[in-house]
Amino acid sequence: MNMEARIARLRALLAEKVVDAVLVTKEENVHYFSGFRGDSTALLVTPEQLILVTDSRYTEQAAAEAPAYEIVEQRDGLYKKIAEVAMDCGIIALAFEGGVLSYDSYTKMQGLLGEISFDTSLNLDPLRQVKDADEIALIRRACKIADEGFAHILSYIQPGMTEMEVAAELEHHMRTLGSERPAFQTIIASGVRGSLPHGVASDKMIVRGELVTMDFGAVCAGYHSDITRTICVGRADARQREVYDAVLTAQQCALAAIRPNVTGVEVDRVARDSLAEHNLNQYFGHGLGHSLGLEIHEEPRLSKAGETLLQPNMLITDEPGVYIPGWGGIRIEDTVLITTDGAEPLTHAPKEFIEICI
């Protein structure tokens, strides 16, 4: 990872906002700007100094993972030590992550900092939107694990299993392939539960002839993948095939529209217009997609509010769905890399309609 470039962008933000330093407390941003992967830790970044404050559980790990930083051990409270270090550094104005720091933590820090100004809130997440080569390689690896997990589950799933059994097998298999953990709580939604866009695996038994929506992902070195496939366990009926084809067409139309210098609003509209041709757009309530990386849901978004212009080396998901109460649902999703002239799906599991006939 190009840590120097990341820190340079962070320091440029300090100069733009006219502050002496920033306190980084969000775990994903601590990881991104230092390399350290752990909790109960904060970074203090100035134009000249890089300081990581943690406790005795992590000092050895931090020294190994964040070699650019001076490691400071706290024994009497993280915020107390941060305030002491800030005073020692001669900081006059300290910025913070306003979307992360709780009100109680903010007021505590204010009291500890004394005369140091602590009133500039920064959002550091946009600095992570465009991925570097190392990040993309890790997301590719996480996508490959998810693809292989899906291939495995096709040979495992059958009528009579519960959704939780399928989720457990899928998560275990991805672990054996190198995933650190599930990217999020695995969604296995069968039959009428398919109308729940986030229908996490339950004790419901899968019945022959039901659609099963599986939304899952892997994590490699902190980086996430996200994929959804919907299959039929048994023979599908005409309506199931008809809705599946409509969702797949919408997903492919949206993929063709993803490229640099278009907004998330524009791409989202393509999928909705496609579903409208089949009178299904009223059953598609959520946004078309989101970015991902160190978090499973990041900005920018493909949605009615997604005004950010897409750029090369951003990651985005393309995931239209149809959710009909009392009938079920279908969603198809890929993790997509925005290239210089279009888009490249990083998930490659088959999308033709699959029937598991046992």
# chains A, B, ... in the order shown; residues from 1 in each chain; ligands from 1
$ select_by_dssp --residues "region 141-296 of chain A" --states "alpha helix (DSSP H)" --output "PyMOL selection string"
chain A and resi 141-154+163-176+238-257+264-276
$ residues_around --residues "Leu78 (chain A)" --least-positions-apart "5" --cutoff "9 Å" --atoms "only C-alpha atoms" --output "JSON, numbers by chain"
{"A": [40, 41, 42, 53, 54, 55, 73, 83]}
$ residues_around --residues "Ala146 (chain A)" --least-positions-apart "6" --cutoff "8 Å" --atoms "only C-alpha atoms" --output "ChimeraX atom specification"
/A:174,216-218,225-227,347
$ closest_atom_pairs --of "region 75-175 of chain A" --to "region 22-39 of chain A" --cutoff "6 Å" --atoms "only C-alpha atoms" --output "tab-separated table"
residue	atom	partner	partner_atom	distance
A:Leu94	CA	A:Val22	CA	5.5
A:Ala95	CA	A:Val22	CA	4.5
A:Phe96	CA	A:Leu23	CA	4.9
$ residues_around --residues "Ala15 (chain A)" --least-positions-apart "5" --cutoff "12 Å" --atoms "only C-alpha atoms" --output "list in words"
Ala8, Arg9, Leu10, Asp20, Ala21, Val22, Val45, Thr46, Pro47, Ala93 and Ala95 of chain A
$ write_last_selection --atoms "N, CA and C atoms" --output "JSON list (two decimals), in the first residue's frame"
[["chain", "number", "residue", "atom", "x", "y", "z"],
["A", 8, "ALA", "N", -0.15, 12.00, 2.61],
["A", 8, "ALA", "CA", -0.03, 13.28, 1.91],
["A", 8, "ALA", "C", -1.40, 13.88, 1.63],
["A", 9, "ARG", "N", -2.37, 13.06, 1.22],
["A", 9, "ARG", "CA", -3.72, 13.56, 0.96],
["A", 9, "ARG", "C", -4.37, 14.04, 2.26],
["A", 10, "LEU", "N", -4.12, 13.32, 3.35],
["A", 10, "LEU", "CA", -4.68, 13.73, 4.64],
["A", 10, "LEU", "C", -4.07, 15.06, 5.08],
["A", 20, "ASP", "N", -4.07, 22.45, 12.69],
["A", 20, "ASP", "CA", -2.71, 21.97, 12.96],
["A", 20, "ASP", "C", -2.61, 20.45, 12.93],
["A", 21, "ALA", "N", -3.72, 19.78, 13.18],
["A", 21, "ALA", "CA", -3.68, 18.32, 13.29],
["A", 21, "ALA", "C", -5.08, 17.77, 13.19],
["A", 22, "VAL", "N", -5.18, 16.46, 12.98],
["A", 22, "VAL", "CA", -6.47, 15.79, 12.99],
["A", 22, "VAL", "C", -6.38, 14.56, 13.89],
["A", 45, "VAL", "N", -2.35, 13.17, 13.59],
["A", 45, "VAL", "CA", -1.56, 13.47, 12.39],
["A", 45, "VAL", "C", -1.39, 14.98, 12.29],
["A", 46, "THR", "N", -0.14, 15.43, 12.25],
["A", 46, "THR", "CA", 0.19, 16.84, 12.05],
["A", 46, "THR", "C", 1.00, 16.95, 10.76],
["A", 47, "PRO", "N", 1.32, 18.16, 10.33],
["A", 47, "PRO", "CA", 2.16, 18.29, 9.12],
["A", 47, "PRO", "C", 3.54, 17.67, 9.28],
["A", 93, "ALA", "N", -5.04, 24.09, 16.98],
["A", 93, "ALA", "CA", -6.35, 23.74, 16.43],
["A", 93, "ALA", "C", -6.33, 22.28, 16.01],
["A", 95, "ALA", "N", -8.56, 19.09, 14.56],
["A", 95, "ALA", "CA", -9.78, 18.63, 13.90],
["A", 95, "ALA", "C", -10.09, 17.21, 14.34]]
$ residues_around --residues "Ile188 (chain A)" --least-positions-apart "3" --cutoff "12 Å" --atoms "only C-alpha atoms" --output "PyMOL selection string"
chain A and resi 153+157+161-171+185+191-206+211-216+228-231+329-331
$ closest_residue --among "A:Val265, A:Ile139, A:Ile145, A:Ala257" --to "Leu292 (chain A)" --atoms "only C-alpha atoms"
A:Ile139
$ residues_around --residues "Ala236 (chain A)" --least-positions-apart "4" --cutoff "8 Å" --atoms "only C-alpha atoms" --output "PyMOL selection string"
chain A and resi 209-211+232+240-241+355
$ write_last_selection --atoms "N, CA, C and O atoms" --output "CSV table (one decimal), in the first residue's frame"
chain,number,residue,atom,x,y,z
A,209,GLY,N,-39.1,-26.0,-5.0
A,209,GLY,CA,-39.8,-25.1,-5.9
A,209,GLY,C,-39.7,-23.6,-5.5
A,209,GLY,O,-40.1,-22.7,-6.2
A,210,GLU,N,-39.0,-23.4,-4.3
A,210,GLU,CA,-38.8,-22.0,-3.9
A,210,GLU,C,-37.6,-21.3,-4.4
A,210,GLU,O,-36.6,-22.0,-4.7
A,211,LEU,N,-37.7,-20.0,-4.6
A,211,LEU,CA,-36.6,-19.2,-4.9
A,211,LEU,C,-35.8,-19.0,-3.6
A,211,LEU,O,-36.4,-18.9,-2.6
A,232,CYS,N,-33.4,-21.3,-7.9
A,232,CYS,CA,-34.6,-22.0,-7.5
A,232,CYS,C,-34.2,-23.4,-7.1
A,232,CYS,O,-33.4,-24.1,-7.8
A,240,GLN,N,-41.7,-17.1,-12.0
A,240,GLN,CA,-40.4,-17.0,-11.4
A,240,GLN,C,-39.4,-16.7,-12.5
A,240,GLN,O,-38.5,-15.8,-12.3
A,241,ARG,N,-39.5,-17.4,-13.6
A,241,ARG,CA,-38.5,-17.1,-14.7
A,241,ARG,C,-38.7,-15.7,-15.3
A,241,ARG,O,-37.7,-15.1,-15.6
A,355,GLU,N,-31.6,-23.9,-11.6
A,355,GLU,CA,-32.5,-24.7,-10.9
A,355,GLU,C,-31.7,-25.9,-10.3
A,355,GLU,O,-31.0,-26.6,-11.0
